[in-house]
Each structure stands twice: as structure tokens, then as C-alpha cells.
Amino acid sequence: MTVATDDTLPATPRALRDEMIVFVVMAVLLAAVPFTKIYPFFVMQALCFALLACAFNLLIGYGGLLSFGHAMFLGTAGYVSGHALKVWGLPPELGILAGTAAAAGLAVITGLIAIRRQGIYFAMITLALSQLLYFIYLQAPFTHGEDGIQGIPQGYLFGIFNLANPTILYYTVLAGFLFGFLVIFRAINSPFGEVLKAIRENEQRAISLGYKTDQYKLIAYILSGTLAGLAGALKVFVAQNASLTDVEVAMSGLIVLMTLVGGLGTVFGPVFGAFVIVAMQQYLSGLGQWVTVIQGSVFVICVLVFRRGVVGEFAHFFRRSL
Amino acid sequence: MRGRGEICLADEFILETEGLTKEFAGFFAVRDVALKVRRGSIHALIGPNGAGKTTCFNLLTKFLKPSAGKILYKGQDITAMAPADVARLGLVRSFQISAVFPHLTALENVRVALQRQHGSSFDFWRSKSVLNQFNDRARELLNDVGLSEFADTPAVEMAYGRKRALEIATTLALDPEMMLLDEPMAGMGHEDIDKIAALIKRISAKYTILMVEHNLSVVANLSDIITVLTRGQVLAQGHYSELTKDERVKEAYLGAGHG
Ligand SMILES: Nc1ncnc2c1ncn2[C@@H]1O[C@H](COP(=O)(O)OP(=O)(O)OP(=O)(O)O)[C@@H](O)[C@H]1O
Ligand SMILES: [Mg+2]
């Protein structure tokens with residue numbers, strides 16, 4: 001399945017430099033948030049979703065694989081981290097590790113099943129697998145069904161940093177986000193990333209050059225699922241709960257929405273998209289059900305007007321790669 | 001004795017098929033084809049539209065599974081192999097519709113091929129600047145096909161003839177033993193045709209080439225031997241001069257309204 005639009009810019013040294021500059025600006029702005037009046041919980045939540053969307057984007061934007069079940073990584077990591085923190089009493093760093101590892105394991109299993117198919121079939125298999133998992137989590141005792149895991153303790157990171165302190169928690173989440181973002185950024189600009197892009201561009205040709213493309217797609221899938229899991233593990237500390245909403249199909253749809261709004265296959269688009277969507281949920285929450293309608297409209301407008309997503313259109317207009 | 005005979009055969013013929021057949025729901029696109037490609041030759045596969053030439057290529061490179069028959073490459077049975085593995089053995093194909101990586105530059109296109117043989121293709125934690133070690137070789141290859149000025153041009157922006165040349169450079173980057181070219185000159189102007197023909201002639205000193213081509217003057221000039229395929233079956237085989245006298249070949253071509 002080819003996703004790249006006809007005018008994706010090739011990555012040149014200049015493009016790489018542009019992206020580095022934007023990255024530094026983004027990191028500095030985000031680091032400054034606690035010194036402003038911006039509500040840190042909003043930004044933390046947005047950061048978790050931004051990482052999630054970036055992980056999703058690695059798979060579709062660079063690997064050409066549309067996953068319709070990415071919420072399963074978010075939810076699984078959330079449940080496992082939550083359980084590890086609350087029931088096993090693990091420290092935060094191990095709780096995060098446990099959740100991320102669980103998502104990685106899930107990615108290996110589901111990846112081996114889904115990666116054999118392409119295009120719409122791949123999307124449908126990921127959707128089916130995530131639905132299967134939803135029903136397991138609905139029934140499994142440790143997830144507490146409809147109630148979810150509530151009141152998860154935040155604890156002391158490395159035994160020192162009290163994560164109940166919003167500022168400390170904020171920088172912890174930010175560090176997690178930046179780490180995940182850089183892993184993705186590096187993967188895109190690595191020897192592996194080059195092959196992945198080649199597969200996205202023309203899989204048959206990549207095979208004819210001797211690449212076993214399934215292996216590359218599987219690695220991209222596992223990488224993506226693992227980082228989506230990291231986002232889910234971090235989110236547990238922000239929300240202090242793990243619930244079914246994170247494994248629902250609607251959540252998978254939201255991830256697609258964020259990425260499309262920002263710009264598929266752009267480095268910063270998913271971050272932008274995540275902030276827009278989370279901001280809408282946060283600040284328009286007074287409108288109740290209308291939020292969904294507004295989100296739907298934004299989606300339609302974006303697809304019709306900003307075909308490349310907001311960041312993608314911006315980059316295209318200035319002939320820059322972002 | 002039999003063992004020795006086989007080795008000799010494998011030496012002389014780099015690629016052989018026996019009873020190669022592909023059936024699509026009752027329709028035989030390729031039927032009982034026995035093909036022998038001599039090492040170091042330029043072998044042309046011609047025939048009217050729909051004769052099964054591309055299907056043959058797909059079978060030989062394992063992009064399609066044969067319904068029946070056997071494929072031997074360098075004496076090794078590759079009938080059950082995966083397409084990527086066939087490519088790794090040095091049997092590399094091009095496609096009828098030009099196959100480049102459109103949003104990679106010409107240099108990056110060639111580098112993707114160079115990168116494969118040198119490992120590190122799974123390294124997602126390394127900077128892609130490690131790929132710069134292939135730049136010199138990639139430029140050399142681009143230069144060989146007359147694309148040195150286009151190294152930094154995205155393939156999507158290149159003219160059709162140049163895309164085909166880029167595709168050949170990318171294939172050459174794998175240092176194959178045998179190349180299968182599916183209509184390398186389709187859709188090209190005279191000038192480009194001459195260039196690509198000269199290029200194929202030049203590289204044929206090092207590689208065995210099996211080529212599908214509709215342009216008969218190109219086929220006449222380039223090929224050592226020609227196999228004519230009609231309705232999935234081999235109709236005739238021989239040198240161009242022999243085939244032009246063959247009534248069945250004339251009929252197949254004129255009958256199909258082909259020139
Ligand atoms: N996947 C497929 N399913 C069904 N029929 C097919 C398939 N691929 C090819 N065919 C049929 O097999 C026949 C041979 O096709 P093929 O593409 O090999 O011809 P060709 O000799 O390459 O023709 P051309 O000169 O037009 O490229 C055609 O009749 C085609 O319709
Ligand atoms: Mg054909």
C-alpha cells in the first residue's frame with residue numbers, strides 16, 4: 001500500500017538540519033511549560049498521545065502499513081504498568097518497563113500474524129486482534145472490567161523523584177516522550193529506515209533487490225508497538241488509572257485522526273495533531289457529545305483541504321521537510 | 001558419468017527450465033516451456049502481447065509460483081525458493097513498468113541496492129550517514145548509465161528513459177550474474193533506445209541477459225539467440241536471421257498485428 005503523496009520531499013542533508021532545529025525548538029518550548037500558566041496535565045496527556053501517534057506514524061508513514069488496532073498497545077501497557085505498580089508494588093521505572101515490555105511482546109505475536117497481509121487486509125487483521133484483546137480485557141479479573149484499575153500509585157522514580165509532584169512528573173513524561181521521539185527519528189534516518197522507505201515506495205522492487213521485506217515490516221511493527229506501549233505506560237502516571245477506553249476501537253481511530261490531522265509521514269505532524277485533538281477534548285469538553293461531531297468535522301476538513309495534514313501542507317508550501 | 005554431464009550442462013547454461021507451466025483458473029499463461037539460457041549470452045524472449053513473457057519472468061524470479069515444472073539456476077533447483085533468495089543468488093529482474101523508488105534520489109535508489117550486500121540494513125539505531133560509504137560506488141554506477149548529473153534528483157522527477165537507466169544501475173549495483181530485463185526500452189524515444197541498447201551491449205560482457213523486447217530491430221542487433229513465445233508456448237527458437245524466414249513466426253506476428 002503506497003501512502004506517500006506524489007510530492008513527499010526526499011530527505012536531504014538540509015532536511016535533516018531543518019528537522020534538528022525544529023526538534024530543539026520543540027524540546028525547549030516543552031521544557032518551558034512548567035514556567036508558564038499552561039495546565040501541565042493537559043500537556044502531559046498530549047505528550048503521551050503525541051508519542052503514540054509518532055509510533056503509529058512510523059508504521060504507516062514510513063512503512064506503509066495502516067494499523068487499525070494501535071490502541072491495543074496503549075491499553076495493554078497501561079493495564080500491565082498499572083497492575084505492576086498497584087498490585088505488585090513495583091517502582092515506577094520497573095512499572096514502565098513492564099508495560100512497555102508487555103506491548104513489545106504483544107507486537108511480536110500480533111505482528112507475526114498481521115504482517116503476512118497487505119493493505120486493507122493488514123488493517124482488518126490488526127482491528128480484529130485489537131477487538132479480541134478488548135473482550136479479553138473486559139472479562140479478565142486483573143483489569144477490573146468496566147471499572148478499570150483505579151488509584152494507581154505514582155511512587156518515587158529511582159527511589160528519589162516523587163512523581164506525585166506535578167513538575168517532577170511533567171519532566172519525567174517529557175523525558176519519556178523525547179526519548180521515544182528520538183528513537184523514532186533515528187529509526188527513520190537509519191540504514192533500516194532507508195530500506196523501509198524503499199519498501200513503502202515499491203515493495204516488489206525491494207524484493208527483487210533481495211530484501212525479505214516481511215522481516216523489515218515486522219521490525220517496524222514491533223518498534224512501533226513497543227513505543228506505543230511506552231506511551232501507554234507513561235499515561236498511567238498522568239491519569240492514575242488504566243481503563244477500557246484505552247483499548248477501544250475509538251481510541252485506534254483517534255490515533256489515525258491525530259496523525260492525519262498533523263500529517264502522515266512527517267516527523268512533527270503527529271505531535272501537532274495530538275496536541276490539537278487533546279486540546280479539543282480538554283477545552284471543548286463543556287460541549288459534551290458535540291466534541292465528537294467537531295472532531296469528525298475537523299477530520300473531514302483536514303482530509304479535504306489539508307491533504308498532507310497541517311504540518312505536511314506547511315512543509316510543502318515552504319518546500320521544507322518537517 | 002551422469003554427474004559429470006550435469007555439471008557440464010550447468011556450466012554451459014546458467015538457467016534452464018523444464019515443463020514450466022502457469023495456470024490461472026483454467027487459462028494457461030505459460031505452458032510447458034523448456035528454456036535454456038547460455039551463460040554470457042544475450043537471450044531475447046519475444047512474442048505478441050499476452051504471449052506470457054512477463055509471466056515467464058515472474059515464474060523465473062519466483063514472483064509467481066509455477067503450477068508445474070522445474071527451474072534450475074546454475075544447476076541448482078530454485079523452483080521452491082522465495083523471490084528475495086533468488087535475487088540473492090544473483091538472478092535479478094527488472095519490471096515492465098519502470099520500477100524505481102520514486103521519492104528517493106537517484107543516488108539513494110542505487111544505495112538501497114548496494115546496502116543490501118553489506119549488512120547493517122536492520123540497524124535502526126545507527127545514523128544513515130554510515131551509508132555514505134556507498135556514495136562513491138553509487139556515483140560510479142550512475143556515471144556508467146549516464147546519470148551522473150542526476151545523483152541528487154528524486155527519481156519521480158526524472159524523464160522516463162532516465163528512470164529505466166536508473167533501474168539498470170540499481171540492478172547492476174547488486175553485481176548480479178544474470179539479469180532479466182522486461183521491455184527495457186518500452187515507451188522510449190530513439191535517442192534513449194540507442195543509449196540503453198549500447199548500455200546493455202556493454203554490460204553483457206560481464207552478465208548473462210534474458211530480455212523481453214518488442215522493438216525487433218533492437219532484438220536483432222543485440223541478441224545472440226531468440227525464443228519466440230505465443231499463447232504461453234515456445235513457437236520457435238534461433239538466430240534472428242533464421243526466425244525471419246520462419247513462416248510460423250511471421251504468421252504469429254502478422255496475425256497478431258504486431259510490428
Ligand atoms: N495474475 C493473473 N491472473 C490471470 N491472468 C493473468 C495474470 N497475469 C497474466 N495473466 C494472463 O496471462 C497472459 C500472459 O500475460 P503476460 O503479462 O505474461 O503477457 P506478455 O507476454 O508479457 O504480454 P505484453 O507483451 O503485453 O507485456 C495474458 O493473457 C494475461 O491476461
Ligand atoms: Mg509483459
# chains A, B, ... in the order shown; residues from 1 in each chain; ligands from 1

$ select_by_dssp --residues "stretch 76-319 of chain A" --states "alpha helix (DSSP H)" --output "ChimeraX atom specification"
/A:76-86,92-114,119-139,166-188,191-201,203-208,213-239,249-262,269-283,290-305,309-317

$ residues_around --residues "stretch 220-234 of chain B" --least-positions-apart "2" --cutoff "10 Å" --atoms "only C-alpha atoms" --output "PyMOL selection string"
chain B and resi 20-23+27-38+40-53+55-56+197-198+200-201+204+209-212+215-218+236-243+249+252-253+256

$ write_last_selection --atoms "C-alpha atoms" --output "compact mmCIF listing (two decimals), in the first residue's frame"
# COMPACT_ATOMS: atom_id res chain seq x y z
CA LEU B 20 7.41 -24.68 -16.86
CA THR B 21 3.69 -24.06 -16.62
CA LYS B 22 1.46 -21.41 -15.06
CA GLU B 23 -2.28 -21.81 -14.99
CA PHE B 27 -6.13 -20.48 -18.52
CA PHE B 28 -2.56 -21.42 -19.34
CA ALA B 29 -0.49 -18.24 -19.43
CA VAL B 30 2.68 -20.30 -19.74
CA ARG B 31 2.60 -23.89 -20.89
CA ASP B 32 5.33 -26.49 -20.84
CA VAL B 33 8.18 -24.10 -21.56
CA ALA B 34 11.68 -25.52 -21.79
CA LEU B 35 14.15 -22.69 -21.87
CA LYS B 36 17.93 -22.88 -21.85
CA VAL B 37 19.88 -19.68 -21.42
CA ARG B 38 23.55 -19.87 -22.29
CA GLY B 40 27.24 -14.93 -21.06
CA SER B 41 24.68 -14.58 -23.86
CA ILE B 42 22.00 -12.03 -24.59
CA HIS B 43 18.87 -14.11 -24.93
CA ALA B 44 15.72 -12.43 -26.18
CA LEU B 45 12.20 -13.56 -25.40
CA ILE B 46 9.70 -12.19 -27.90
CA GLY B 47 6.10 -12.73 -28.78
CA PRO B 48 2.82 -10.90 -29.26
CA ASN B 49 1.01 -9.19 -26.39
CA GLY B 50 -0.28 -11.63 -23.84
CA ALA B 51 2.07 -14.38 -25.01
CA GLY B 52 3.20 -14.99 -21.44
CA LYS B 53 6.60 -13.28 -21.45
CA THR B 55 4.51 -14.34 -16.61
CA CYS B 56 7.62 -16.29 -17.55
CA ALA B 197 20.95 -0.68 -26.23
CA ALA B 198 24.58 0.38 -26.06
CA ILE B 200 23.03 -3.48 -22.49
CA LYS B 201 25.64 -4.45 -25.07
CA SER B 204 26.57 -8.12 -21.49
CA ILE B 209 20.95 -11.22 -20.04
CA LEU B 210 17.47 -12.51 -20.72
CA MET B 211 15.42 -9.76 -22.25
CA VAL B 212 11.82 -9.25 -23.31
CA ASN B 215 11.38 -3.49 -30.65
CA LEU B 216 12.59 -6.02 -33.20
CA SER B 217 15.48 -4.01 -34.57
CA VAL B 218 16.85 -3.80 -31.05
CA ALA B 236 10.46 -21.24 -32.32
CA GLN B 237 13.98 -20.52 -31.27
CA GLY B 238 17.06 -19.44 -33.16
CA HIS B 239 19.02 -16.52 -34.52
CA TYR B 240 17.23 -13.51 -35.88
CA SER B 241 18.16 -14.37 -39.45
CA GLU B 242 16.67 -17.85 -39.09
CA LEU B 243 13.49 -16.64 -37.46
CA VAL B 249 6.86 -16.71 -36.64
CA ALA B 252 2.20 -15.20 -35.29
CA TYR B 253 3.44 -11.65 -35.54
CA ALA B 256 -1.44 -10.55 -34.02

$ interface_residues --of "chain B" --to "chain A" --cutoff "10 Å" --atoms "only C-alpha atoms" --output "ChimeraX atom specification"
/B:61-63,82-95,98-105,108-109,111-117,119-131,152-157,167,170-171,173-174,176

$ select_by_dssp --residues "stretch 62-234 of chain A" --states "strand (DSSP E)" --output "PyMOL selection string"
chain A and resi 156-157+161-162

$ write_last_selection --atoms "all heavy atoms" --output "mmCIF file, in the first residue's frame"
data_model
loop_
_atom_site.group_PDB
_atom_site.id
_atom_site.type_symbol
_atom_site.label_atom_id
_atom_site.label_comp_id
_atom_site.auth_asym_id
_atom_site.auth_seq_id
_atom_site.Cartn_x
_atom_site.Cartn_y
_atom_site.Cartn_z
ATOM 1 N N TYR A 156 8.029 6.795 43.695
ATOM 2 C CA TYR A 156 9.275 7.555 43.571
ATOM 3 C C TYR A 156 10.133 6.964 42.469
ATOM 4 O O TYR A 156 10.548 5.813 42.550
ATOM 5 C CB TYR A 156 10.039 7.532 44.890
ATOM 6 C CG TYR A 156 9.416 8.409 45.952
ATOM 7 C CD1 TYR A 156 8.307 7.970 46.673
ATOM 8 C CD2 TYR A 156 9.943 9.673 46.230
ATOM 9 C CE1 TYR A 156 7.721 8.775 47.632
ATOM 10 C CE2 TYR A 156 9.362 10.477 47.196
ATOM 11 C CZ TYR A 156 8.252 10.029 47.892
ATOM 12 O OH TYR A 156 7.681 10.832 48.833
ATOM 13 N N LEU A 157 10.390 7.773 41.420
ATOM 14 C CA LEU A 157 11.211 7.299 40.311
ATOM 15 C C LEU A 157 12.652 7.128 40.787
ATOM 16 O O LEU A 157 13.236 8.047 41.367
ATOM 17 C CB LEU A 157 11.144 8.300 39.150
ATOM 18 C CG LEU A 157 11.861 7.897 37.861
ATOM 19 C CD1 LEU A 157 11.162 6.732 37.174
ATOM 20 C CD2 LEU A 157 11.946 9.083 36.900
ATOM 21 N N PHE A 161 12.781 10.597 42.916
ATOM 22 C CA PHE A 161 11.890 11.639 42.418
ATOM 23 C C PHE A 161 10.436 11.314 42.699
ATOM 24 O O PHE A 161 9.913 10.314 42.209
ATOM 25 C CB PHE A 161 12.106 11.836 40.914
ATOM 26 C CG PHE A 161 13.517 12.145 40.545
ATOM 27 C CD1 PHE A 161 14.294 11.207 39.875
ATOM 28 C CD2 PHE A 161 14.080 13.377 40.887
ATOM 29 C CE1 PHE A 161 15.612 11.486 39.545
ATOM 30 C CE2 PHE A 161 15.390 13.662 40.549
ATOM 31 C CZ PHE A 161 16.161 12.717 39.883
ATOM 32 N N ASN A 162 9.810 12.175 43.438
ATOM 33 C CA ASN A 162 8.412 11.962 43.791
ATOM 34 C C ASN A 162 7.504 12.346 42.628
ATOM 35 O O ASN A 162 7.316 13.525 42.327
ATOM 36 C CB ASN A 162 8.066 12.805 45.030
ATOM 37 C CG ASN A 162 6.631 12.563 45.463
ATOM 38 O OD1 ASN A 162 5.925 11.719 44.897
ATOM 39 N ND2 ASN A 162 6.209 13.308 46.471
#

$ residues_around --residues "A:Ser224" --least-positions-apart "5" --cutoff "7 Å" --atoms "only C-alpha atoms" --output "list in words"
Ala55, Phe56, Leu58 and Leu59 of chain A
